[in-house]
Amino acid sequence: MSEAGALILNVDDDEAGRYAKSRILTRAGLRVAEAATGAEALRQVATLGPALVLLDVKLPDISGIEVCRRIKRDYPTVLVLQISVAMISGADRVRGLEGGADSYLTQPVAPEELIAVIRALLRMQAAEWELRQLNATLEARVSERTADLAAANARLVAEIAERQRAEAVAEALYRRTPLPLHCLDPLGHLLIVSDRWLEFFGYAARQEVIGRHITEFMPPAARLRFREIVWPMVLAGDGFDDVELQLCRKDGSVVDVLVSVRTEREPSGRFLRSLAALVDVTARKRAEEGLRQAQKMEVFGQLAGGIAHDMNNVLQTVLSGTRMLGLQAEEPEMVRRLSGLVSDAAERGAAIARRLLTFARRGELRAAHLDVAALLEDVREVLSYTLGGRTEVVVEAMPPAGEMIVFADKPQLETVLLNLAINARDAMPEGGTVTLAAKVAPPREGERPCVALTVRDHGTGMSAATLARATEPFFTTKPKGQGTGLGLAMARSFAEQSAGELVIDTVLGRGTTVTLFLPLSEAAVADAAPAAPALPAMPPAQLLVVDDDPLVRSVLGVVFERLGHRAEVVENGGEALRRLKEGAPCDLLLTDLTMPGLSGIELLREARRERPGLPCILLTGNLDEEATLAVSALSEGGPFAVLRKPMAPDSLGAAVGMLLSSQAAAG
């Protein structure tokens, strides 16, 4: 409300005083109404609605303080300026203000002061009025905004409810799908699993598995492969199909599955979760293992001639050397020379036997970090007595040791390279050179660097039609009976399951280059057995030696006596067990694995029952997968070691000393 339009009600029972104040107000441009009593003042306020009441405290009918109280009770927006004579007490002024008066003046008052106070009160009233208007506007806007927000919130609640319903339906479908499905968070923990997943792995309730890391459901070798190969693929891309993996059921049985993965990401690209579908291929893997073994047998046929030639050379050296030792016994220098030749020949024969056993052995594939330089040298050595005299094997630009590390199963990778080399030889019927090479290939965008392993020949090459079918299982261009057609198919399968690929470059009549791309591992060095610690000197010990071969038994007895121990040698497990039960002294038991009657494993088990904690050594030429599982429990019953024949005397002595030292430390 503006000052010019304001109405002032002047209340005073003294006519002269009322007139004087009205003139002051009129001259100041204010509109004025008058009242002489309190009752009249209350009627005027009700009728005229003044902006301000100039109210005398002393009235004839009603006290000015009471009039003020009633005005403020019924019309709180009306301003009241109380005025009184100077003789009024301070308590009366306080009561007036407490009664609701907006201000208080004492007469006589200067006209300028009166007008200034009234205008100040009117300005305050105008400001309050504007503030109320603004508040009303703001309240209206807040109400509108609140209504809008309520509507938007209702829509959002409806959308959330619909999304939750859709997610619940999707999760229900996910859980009830007939496929084993699981969902992993960015760290690899299980978020959701389908009912079929639980059934497949033998779990009754989701709380048994949700929140656990997926590697808890893998055998040790598969965990390492998952961390090295599979999980980086999940995090780096949008998904993949048919990657092979091994998982463990609740009962401990291992199953082979093909995993297909799709990833979900935020618009920024941040990884949210991965969805995986599993297909059980355990039966297929068993069949493939049979095919792989058949392929090994085919390669064995290729190896036979060269191995026979090398082994005959070994036997010729050993036979001639030992006969000459008998004839030259009186010449120490000749004895030393001949014994060195015999020892070298035996070591060469042992190396050939070890490679054949590694190559032929069945069992679970075990990936490890491999040094490519060492791998190529091993393969070159095997191929040197495999491919025949008309084929030369060379390694082109051998990488420095430790420079290139890949994560793969060594026996299977060696088999792949042997197959590729044999194919290369067969493509050069007149002979030639098979070239092996390795280099780090430039990484493709978004992918890890790879090692490119190549096998190259300059033979007949392949036509486009042959190349199109070259990696099909059982496809071969060789005459019947000379090839199974599995070599390139197995090589491609191995490459794909190792997160790599197989590439064939060929020109008809000019040769073929087969390249195996394998991811370069982040491991600094290849996996290797830890070096044996230096052993303290051990006092002579009483050994019980068991072997059904009289030559081996006799030689071992001599070896241990030469090393300062006392050895009792027996020919079978039954005799050894009888001696232990009789109380024969025995600090360490050494036995062969395969013997008539009681086997080495059975003997060790019974010996541990008879003498708990007895140090034991199992000496064998071939420890298959089944035997490996059987002996693993023996290591928990005391000092134990598995040694492979042939074993040099100093190495055998070191093993005995290590076990005896371990027993002494434990005691």
# chains A, B, ... in the order shown; residues from 1 in each chain; ligands from 1
call {"tool": "select_by_dssp", "arguments": {"residues": "range 510-610 of chain A", "states": "alpha helix (DSSP H)", "output": "number ranges by chain"}}
result
A: 550-562, 573-581, 600-610
call {"tool": "residues_around", "arguments": {"residues": "range 253-270 of chain A", "least_positions_apart": "6", "cutoff": "8 Å", "atoms": "only C-alpha atoms", "output": "list in words"}}
result
Pro219, Val234, Gly237, Asp238, Gly239, Phe240, Asp241, Asp242, Val243, Glu244, Leu245, Gln246, Leu247, Ala276, Ala277, Leu278, Val279, Asp280, Val281, Thr282 and Lys285 of chain A
call {"tool": "atom_distance", "arguments": {"atom1": "CA of Arg425 in chain A", "atom2": "CA of Glu403 in chain A"}}
result
28.8 Å
call {"tool": "residues_around", "arguments": {"residues": "range 553-568 of chain A", "least_positions_apart": "2", "cutoff": "6 Å", "atoms": "only C-alpha atoms", "output": "ChimeraX atom specification"}}
result
/A:540-544,547,550-551
call {"tool": "write_last_selection", "arguments": {"atoms": "N, CA and C atoms", "output": "short mmCIF file (atom, residue, chain, number, x, y, z; two decimals), in the first residue's frame"}}
result
data_model
loop_
_atom_site.label_atom_id
_atom_site.label_comp_id
_atom_site.auth_asym_id
_atom_site.auth_seq_id
_atom_site.Cartn_x
_atom_site.Cartn_y
_atom_site.Cartn_z
N PRO A 540 76.15 -91.06 8.08
CA PRO A 540 75.72 -92.28 7.38
C PRO A 540 74.36 -92.73 7.89
N ALA A 541 73.52 -93.22 6.95
CA ALA A 541 72.17 -93.66 7.30
C ALA A 541 71.95 -95.09 6.81
N GLN A 542 70.95 -95.76 7.40
CA GLN A 542 70.59 -97.12 7.00
C GLN A 542 69.41 -97.01 6.02
N LEU A 543 69.62 -97.47 4.77
CA LEU A 543 68.61 -97.39 3.73
C LEU A 543 68.08 -98.78 3.40
N LEU A 544 66.80 -98.84 3.07
CA LEU A 544 66.18 -100.08 2.57
C LEU A 544 65.81 -99.82 1.12
N ASP A 547 63.85 -103.07 -5.49
CA ASP A 547 63.69 -103.03 -6.94
C ASP A 547 63.72 -104.46 -7.46
N PRO A 550 67.48 -106.97 -10.88
CA PRO A 550 68.71 -107.23 -10.12
C PRO A 550 69.84 -106.28 -10.46
N LEU A 551 69.93 -105.85 -11.74
CA LEU A 551 71.01 -104.93 -12.11
C LEU A 551 70.82 -103.58 -11.43
#
call {"tool": "atom_distance", "arguments": {"atom1": "CA of Val546 in chain A", "atom2": "CA of Leu590 in chain A"}}
result
6.2 Å
call {"tool": "residues_around", "arguments": {"residues": "range 605-612 of chain A", "least_positions_apart": "2", "cutoff": "12 Å", "atoms": "only C-alpha atoms", "output": "PyMOL selection string"}}
result
chain A and resi 544+573-591+598-603+614-618+630-640+663
call {"tool": "residues_around", "arguments": {"residues": "Ser463 in chain A", "least_positions_apart": "2", "cutoff": "8 Å", "atoms": "only C-alpha atoms", "output": "list in words"}}
result
Gly461, Ala465, Thr466, Leu467, Val507 and Leu508 of chain A
call {"tool": "residues_around", "arguments": {"residues": "Thr506 in chain A", "least_positions_apart": "2", "cutoff": "10 Å", "atoms": "only C-alpha atoms", "output": "list in words"}}
result
Arg456, Asp457, His458, Gly459, Thr460, Gly461, Met462, Ser463, Ala464, Leu467, Val503, Ile504, Leu508, Gly509, Arg510, Gly511, Thr512, Thr513 and Val514 of chain A
call {"tool": "write_last_selection", "arguments": {"atoms": "N, CA and C atoms", "output": "short mmCIF file (atom, residue, chain, number, x, y, z; two decimals), in the first residue's frame"}}
result
data_model
loop_
_atom_site.label_atom_id
_atom_site.label_comp_id
_atom_site.auth_asym_id
_atom_site.auth_seq_id
_atom_site.Cartn_x
_atom_site.Cartn_y
_atom_site.Cartn_z
N ARG A 456 57.80 -73.03 -41.57
CA ARG A 456 57.82 -72.69 -43.00
C ARG A 456 58.53 -73.76 -43.81
N ASP A 457 57.97 -74.05 -44.98
CA ASP A 457 58.64 -74.97 -45.92
C ASP A 457 58.64 -74.33 -47.30
N HIS A 458 59.37 -74.94 -48.22
CA HIS A 458 59.38 -74.46 -49.61
C HIS A 458 58.92 -75.60 -50.52
N GLY A 459 57.85 -76.26 -50.08
CA GLY A 459 57.38 -77.44 -50.79
C GLY A 459 56.27 -77.16 -51.78
N THR A 460 55.32 -78.10 -51.87
CA THR A 460 54.31 -78.08 -52.93
C THR A 460 53.25 -77.01 -52.73
N GLY A 461 53.06 -76.54 -51.51
CA GLY A 461 52.02 -75.54 -51.28
C GLY A 461 50.63 -76.14 -51.40
N MET A 462 49.60 -75.30 -51.31
CA MET A 462 48.21 -75.75 -51.39
C MET A 462 47.43 -74.89 -52.37
N SER A 463 46.48 -75.52 -53.04
CA SER A 463 45.54 -74.78 -53.89
C SER A 463 44.53 -74.07 -53.01
N ALA A 464 43.76 -73.16 -53.63
CA ALA A 464 42.74 -72.43 -52.87
C ALA A 464 41.69 -73.38 -52.31
N LEU A 467 43.25 -75.20 -49.34
CA LEU A 467 43.41 -74.28 -48.21
C LEU A 467 42.08 -74.04 -47.51
N VAL A 503 47.05 -69.06 -38.70
CA VAL A 503 47.00 -68.43 -40.02
C VAL A 503 47.89 -69.23 -40.97
N ILE A 504 47.35 -69.56 -42.16
CA ILE A 504 48.09 -70.32 -43.16
C ILE A 504 48.29 -69.45 -44.39
N LEU A 508 50.85 -72.18 -54.25
CA LEU A 508 50.97 -73.48 -54.91
C LEU A 508 52.31 -73.59 -55.63
N GLY A 509 53.06 -74.62 -55.27
CA GLY A 509 54.36 -74.86 -55.89
C GLY A 509 55.51 -74.10 -55.26
N ARG A 510 55.23 -73.23 -54.27
CA ARG A 510 56.31 -72.42 -53.69
C ARG A 510 56.42 -72.56 -52.17
N GLY A 511 55.51 -73.27 -51.54
CA GLY A 511 55.67 -73.51 -50.12
C GLY A 511 54.54 -72.95 -49.26
N THR A 512 54.62 -73.26 -47.98
CA THR A 512 53.57 -72.90 -47.02
C THR A 512 54.21 -72.39 -45.73
N THR A 513 53.60 -71.38 -45.16
CA THR A 513 53.99 -70.88 -43.84
C THR A 513 52.76 -70.94 -42.94
N VAL A 514 52.87 -71.69 -41.85
CA VAL A 514 51.79 -71.78 -40.87
C VAL A 514 52.24 -70.99 -39.64
#
call {"tool": "atom_distance", "arguments": {"atom1": "CA of His213 in chain A", "atom2": "CA of Leu179 in chain A"}}
result
20.3 Å
call {"tool": "decode", "arguments": {"residues": "range 52-125 of chain A", "atoms": "C-alpha atoms", "output": "tab-separated table (two decimals), in the first residue's frame"}}
result
chain	number	residue	atom	x	y	z
A	52	LEU	CA	-2.73	3.40	10.75
A	53	VAL	CA	-4.49	4.44	13.99
A	54	LEU	CA	-2.99	7.39	15.85
A	55	LEU	CA	-4.34	6.37	19.26
A	56	ASP	CA	-4.37	8.46	22.46
A	57	VAL	CA	-3.78	6.35	25.57
A	58	LYS	CA	-6.27	8.30	27.77
A	59	LEU	CA	-9.85	7.90	26.43
A	60	PRO	CA	-13.10	8.51	28.34
A	61	ASP	CA	-14.76	5.16	27.76
A	62	ILE	CA	-12.09	2.53	26.98
A	63	SER	CA	-8.39	2.64	27.73
A	64	GLY	CA	-6.25	3.28	24.67
A	65	ILE	CA	-4.20	0.18	25.57
A	66	GLU	CA	-7.36	-1.98	25.48
A	67	VAL	CA	-8.45	-0.42	22.18
A	68	CYS	CA	-5.02	-1.26	20.73
A	69	ARG	CA	-5.29	-4.85	21.94
A	70	ARG	CA	-8.74	-5.27	20.31
A	71	ILE	CA	-7.63	-3.72	17.02
A	72	LYS	CA	-4.59	-5.99	16.82
A	73	ARG	CA	-6.72	-9.01	17.72
A	74	ASP	CA	-9.34	-8.38	15.02
A	75	TYR	CA	-7.29	-6.48	12.40
A	76	PRO	CA	-3.63	-7.49	12.79
A	77	THR	CA	-2.48	-5.64	9.66
A	78	VAL	CA	-3.64	-2.23	10.92
A	79	LEU	CA	-0.77	-0.19	12.39
A	80	VAL	CA	-1.21	1.41	15.83
A	81	LEU	CA	0.85	4.44	16.91
A	82	GLN	CA	0.06	5.16	20.56
A	83	ILE	CA	0.56	8.68	21.86
A	84	SER	CA	0.33	10.04	25.41
A	85	VAL	CA	1.29	13.00	27.56
A	86	ALA	CA	4.76	13.19	29.05
A	87	MET	CA	3.56	12.45	32.57
A	88	ILE	CA	2.59	8.81	31.69
A	89	SER	CA	4.72	6.24	33.43
A	90	GLY	CA	7.22	4.00	31.70
A	91	ALA	CA	5.21	0.95	32.77
A	92	ASP	CA	2.21	2.30	30.83
A	93	ARG	CA	4.38	2.61	27.69
A	94	VAL	CA	5.58	-0.94	28.12
A	95	ARG	CA	2.00	-2.16	28.55
A	96	GLY	CA	1.01	-0.29	25.42
A	97	LEU	CA	3.74	-1.90	23.35
A	98	GLU	CA	2.99	-5.29	24.82
A	99	GLY	CA	-0.67	-4.72	23.89
A	100	GLY	CA	0.35	-4.68	20.25
A	101	ALA	CA	1.27	-1.07	19.47
A	102	ASP	CA	3.71	-0.72	16.63
A	103	SER	CA	5.31	2.40	18.10
A	104	TYR	CA	4.90	4.92	20.96
A	105	LEU	CA	5.24	8.73	21.09
A	106	THR	CA	5.07	11.16	23.99
A	107	GLN	CA	3.27	14.51	23.69
A	108	PRO	CA	4.10	17.17	22.97
A	109	VAL	CA	5.73	15.86	19.77
A	110	ALA	CA	7.20	17.89	16.98
A	111	PRO	CA	5.15	17.73	13.75
A	112	GLU	CA	8.20	16.59	11.76
A	113	GLU	CA	8.84	13.72	14.18
A	114	LEU	CA	5.18	12.68	14.08
A	115	ILE	CA	5.10	12.61	10.29
A	116	ALA	CA	8.50	10.84	10.13
A	117	VAL	CA	7.35	8.10	12.51
A	118	ILE	CA	4.05	7.63	10.63
A	119	ARG	CA	5.81	7.46	7.26
A	120	ALA	CA	8.34	4.98	8.66
A	121	LEU	CA	5.50	2.79	9.90
A	122	LEU	CA	3.70	3.06	6.53
A	123	ARG	CA	6.90	2.12	4.68
A	124	MET	CA	7.26	-0.87	6.97
A	125	GLN	CA	3.65	-1.80	6.30
